[in-house]
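Shown next, in structure tokens, is the structure this report addresses.
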Amino acid sequence: MVESVKDYAIFLIDNLGYVTSWNKGAEQIKGYSAEEIIGQHFSVFYTTEQRAQGIPELNLQNARNTGYHEDEGWRVRKDGSQFWANVVFTALKDESGKVIGFGKVTRDLSKRRKAEKEISRLNDELQKRLQISQTEVVDYKHALDESSIVAITDQKGIIKHVNDNFCSISKYSREELIGKDHRIINSGFHHKEFIRNLWVTISNGQIWRGELRNKAKDGTYYWVDTTIVPFLDDKNKPYQYIAIRSDITKRKEAEAEIKKINQDLERKVKERTCELTEALEREKILNDMKSRFVSLASHEFRTPLSTILSSISLLERYEGLEHAEKRQRHIERIKSSVRNLTSIMDDFLSLDKLEQGKIDVHHVSFDLDAFIRDILEEMEGMLRKKEQTVLYRSVGPFEIFQDKKILRNVLLNLLSNASKYSTEEKELIVSVTPKEETISISVIDTGMGIPAVAQKELFSKFFRAENAVHIQGTGLGLNIVKKYMELLDGTISFVSEENKGSAFTIEFPFALQRHIPEGSFLT
């Protein structure tokens, strides 16, 4: 059996070290045939250096002394090549215990040694790479800690690690943060859907990037540009997260400031645009008013002047007593024309004074009932000419504290319009209604009324409804009345229907109220 073993060199040597047997394994490993090696000294298998050092004899002596010796080293084949061998010497003794020889077993460990050397080389290389990697990890961590705000949480979001930058910006100590979740720095700025989308992203193993506004321990707010990276296990499920942040508070503040500046600039641009638009509109209106004024003035002045000129020419022909009636008729025409011119000039002058703020308000105490009756008496000549009458609904003596002159101009204007735009033999109504703190006076006619399309522009300068253009007027009266009422802290309103008449109502405050007699309205 020993003879047939090929993987081990098994042979015997005598007490002096000479080979006495040789198996197939020895022939295969060492290259010698049995005929070539039997009788040779076993030192032939050692290198020159080993023989010079006496190693073969030393090994044999160790086996003789202890009965057993094992070592590993380089051995030499027949062809001079070397191989790494494991060698075992066993002392052979006779019945008396005397060493009579040695059994020797040699194994070729070249392949194993080569593999071990390769493993050693790989281990060395791996160790070097590991050291490099560890150094790089330390460098990366140092760089990250120096440049970023870092936190590591478990899969539930519980904080396991924070670096110094995290503590610095949040103003919490490391002990206050570890074991808590990120709600400790939640500012409440982001809506729930935003936070929910963040967690859905990272819990699915995806990286989340975005900007977050957090709240520090002292209540101040700060902004961070954030990247959250999930660490995945062998089942591709996150087992922890690392959040890497950078402080962008100053940038966000700058952005907010720029946004505010832009908004202010946009607002100013809009305001300026509106101002320019309004200025252009005012200029357009002014130009339109100028055109209308020129047109109106040329018409309104020309008509009475023509009438005056023609009447004066005719008066020269009617010198005798028999023409007295005709002369008087033309004199009345001249007077009427002069009154029209005076009225037009009064309107222009009143408007100019109102717009320049040159009209002062002088409050005096006076009886409203007597005041209105005086105005109606003043209007009597105009009303009698058209055979018109006035129904005056009064509450009797009623003392107020207002500007008498302004109120007179207002009522004369309203009564004049009511008469002018009503046909002959029509009735006008003036009604006084006292309220808790104000007086309401209405002037009502049953004349031509105001078309619905014209009612919005009724208080505009030089505006005249289409159905009234054939009647003499400047289109300034109601505009002036409205401005007068503003001076009295009052208002003017109206209701009107075309071909049915109009009702204009002024309402203004009074300061003194002495007595309101009981009884019905008076006519």
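Starting from 1 in every chain, residues are counted up; chains themselves are A, B, ... following the order of the structure tokens, and ligands are numbered from 1 as listed.
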
Out of segment 431-469 of chain A, which residues get strand (DSSP E or B) from DSSP, as a ChimeraX atom specification?
/A:431-434,438-445

Take the selection from the previous step and output its residues with N, CA and C atoms, as a PDB file, in the first residue's frame.
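What ended up in part.pdb:
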ATOM      1  N   SER A 431     -90.501 119.566  -1.696  1.00  0.00           N
ATOM      2  CA  SER A 431     -90.896 118.878  -0.467  1.00  0.00           C
ATOM      3  C   SER A 431     -89.730 118.868   0.515  1.00  0.00           C
ATOM      4  N   VAL A 432     -89.987 119.234   1.773  1.00  0.00           N
ATOM      5  CA  VAL A 432     -88.975 119.247   2.839  1.00  0.00           C
ATOM      6  C   VAL A 432     -89.283 118.119   3.824  1.00  0.00           C
ATOM      7  N   THR A 433     -88.259 117.288   4.117  1.00  0.00           N
ATOM      8  CA  THR A 433     -88.443 116.171   5.048  1.00  0.00           C
ATOM      9  C   THR A 433     -87.331 116.183   6.088  1.00  0.00           C
ATOM     10  N   PRO A 434     -87.643 116.541   7.327  1.00  0.00           N
ATOM     11  CA  PRO A 434     -86.613 116.497   8.369  1.00  0.00           C
ATOM     12  C   PRO A 434     -86.373 115.061   8.830  1.00  0.00           C
ATOM     13  N   THR A 438     -80.405 115.086   9.646  1.00  0.00           N
ATOM     14  CA  THR A 438     -80.278 115.713   8.330  1.00  0.00           C
ATOM     15  C   THR A 438     -81.624 116.257   7.869  1.00  0.00           C
ATOM     16  N   ILE A 439     -81.550 117.106   6.831  1.00  0.00           N
ATOM     17  CA  ILE A 439     -82.728 117.650   6.158  1.00  0.00           C
ATOM     18  C   ILE A 439     -82.707 117.159   4.725  1.00  0.00           C
ATOM     19  N   SER A 440     -83.853 116.711   4.237  1.00  0.00           N
ATOM     20  CA  SER A 440     -83.968 116.258   2.848  1.00  0.00           C
ATOM     21  C   SER A 440     -84.946 117.179   2.127  1.00  0.00           C
ATOM     22  N   ILE A 441     -84.479 117.722   0.967  1.00  0.00           N
ATOM     23  CA  ILE A 441     -85.337 118.593   0.154  1.00  0.00           C
ATOM     24  C   ILE A 441     -85.401 118.003  -1.246  1.00  0.00           C
ATOM     25  N   SER A 442     -86.614 117.771  -1.737  1.00  0.00           N
ATOM     26  CA  SER A 442     -86.802 117.202  -3.078  1.00  0.00           C
ATOM     27  C   SER A 442     -87.469 118.211  -3.992  1.00  0.00           C
ATOM     28  N   VAL A 443     -86.965 118.291  -5.248  1.00  0.00           N
ATOM     29  CA  VAL A 443     -87.572 119.117  -6.295  1.00  0.00           C
ATOM     30  C   VAL A 443     -88.048 118.161  -7.379  1.00  0.00           C
ATOM     31  N   ILE A 444     -89.369 118.113  -7.577  1.00  0.00           N
ATOM     32  CA  ILE A 444     -89.975 117.090  -8.449  1.00  0.00           C
ATOM     33  C   ILE A 444     -90.695 117.776  -9.599  1.00  0.00           C
ATOM     34  N   ASP A 445     -90.474 117.239 -10.837  1.00  0.00           N
ATOM     35  CA  ASP A 445     -91.197 117.766 -11.998  1.00  0.00           C
ATOM     36  C   ASP A 445     -91.784 116.602 -12.774  1.00  0.00           C
TER      37      ASP A 445
END

Counting only C-alpha atoms, what are the residues of segment 42-153 of chain A within 10 Å of segment 223-237 of chain A, and for each of them which pair of atoms is the nearest and at what distance in Å, to one decimal? Sort the table by chain and rising number, as JSON lines.
{"residue": "A:Ser148", "atom": "CA", "partner": "A:Thr226", "partner_atom": "CA", "distance": 9.9}
{"residue": "A:Ile149", "atom": "CA", "partner": "A:Val224", "partner_atom": "CA", "distance": 8.7}
{"residue": "A:Val150", "atom": "CA", "partner": "A:Thr226", "partner_atom": "CA", "distance": 9.7}
{"residue": "A:Ala151", "atom": "CA", "partner": "A:Ile228", "partner_atom": "CA", "distance": 9.4}
{"residue": "A:Ile152", "atom": "CA", "partner": "A:Ile228", "partner_atom": "CA", "distance": 9.4}
{"residue": "A:Thr153", "atom": "CA", "partner": "A:Pro230", "partner_atom": "CA", "distance": 9.7}

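Here atom CA of Val361 of chain A and atom CA of Lys404 of chain A stand 9.2 Å from one another.
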
For Thr47 of chain A, work out the shell of residues within 7 Å, counting only C-alpha atoms and skipping chain neighbours fewer than 2 positions away, then give it as a VMD selection string.
chain A and resid 45 49 to 51 75 to 76

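Residue neighbourhood of Glu486 of chain A, excluding near-sequence residues (fewer than 3 positions): Leu354, Gly357, Ile359, Val361, Ile406, Leu407, Val410, Asn479, Ile480, Val481, Lys482, Lys483, Asp489, Gly490, Thr491, Ile492, Ile506, Glu507, Phe508 and Pro509 of chain A, at 12 Å, using only C-alpha atoms.
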
Who sits within 12 Å of segment 12-17 of chain A, only C-alpha atoms, same chain under 5 positions skipped, as an mmCIF file with C-alpha atoms, in the first residue's frame:
data_model
loop_
_atom_site.group_PDB
_atom_site.id
_atom_site.type_symbol
_atom_site.label_atom_id
_atom_site.label_comp_id
_atom_site.auth_asym_id
_atom_site.auth_seq_id
_atom_site.Cartn_x
_atom_site.Cartn_y
_atom_site.Cartn_z
ATOM 1 C CA VAL A 2 2.833 2.365 0.846
ATOM 2 C CA GLU A 3 4.503 1.499 -2.404
ATOM 3 C CA TRP A 22 11.511 4.206 -2.209
ATOM 4 C CA ASN A 23 7.822 4.346 -3.153
ATOM 5 C CA ALA A 26 8.800 9.585 -3.726
ATOM 6 C CA ALA A 34 14.398 3.550 -6.731
ATOM 7 C CA ILE A 37 18.338 6.856 -5.052
ATOM 8 C CA ILE A 38 18.569 3.742 -2.834
ATOM 9 C CA GLY A 39 21.963 3.831 -1.125
ATOM 10 C CA GLN A 40 22.238 7.622 -1.521
ATOM 11 C CA HIS A 41 22.409 9.885 1.551
ATOM 12 C CA PHE A 42 19.119 11.720 2.181
ATOM 13 C CA SER A 43 20.960 15.090 2.293
ATOM 14 C CA VAL A 44 20.824 15.028 -1.503
ATOM 15 C CA PHE A 45 17.264 16.401 -1.139
ATOM 16 C CA PRO A 56 20.072 17.396 7.393
ATOM 17 C CA GLU A 57 22.151 15.985 10.275
ATOM 18 C CA LEU A 58 20.407 18.289 12.757
ATOM 19 C CA ASN A 59 16.960 17.084 11.664
ATOM 20 C CA LEU A 60 18.082 13.459 11.924
ATOM 21 C CA GLN A 61 19.558 14.058 15.360
ATOM 22 C CA ALA A 63 14.371 12.624 15.387
ATOM 23 C CA ARG A 64 16.858 10.312 17.104
ATOM 24 C CA VAL A 88 8.203 14.140 9.026
ATOM 25 C CA PHE A 89 10.988 11.965 10.507
ATOM 26 C CA THR A 90 10.005 9.017 12.683
ATOM 27 C CA ALA A 91 12.698 7.056 14.568
ATOM 28 C CA LEU A 92 12.542 3.244 14.137
ATOM 29 C CA LYS A 93 13.691 1.204 17.121
ATOM 30 C CA ASP A 94 14.399 -2.467 17.777
ATOM 31 C CA LYS A 98 17.777 1.161 20.037
ATOM 32 C CA VAL A 99 17.300 3.404 16.970
ATOM 33 C CA ILE A 100 17.963 1.340 13.879
ATOM 34 C CA GLY A 101 16.691 3.755 11.250
ATOM 35 C CA PHE A 102 14.083 6.317 10.286
ATOM 36 C CA GLY A 103 10.853 6.466 8.346
ATOM 37 C CA LYS A 104 10.420 9.640 6.338
ATOM 38 C CA VAL A 105 7.251 11.115 4.812
ATOM 39 C CA THR A 106 7.447 14.118 2.478
#
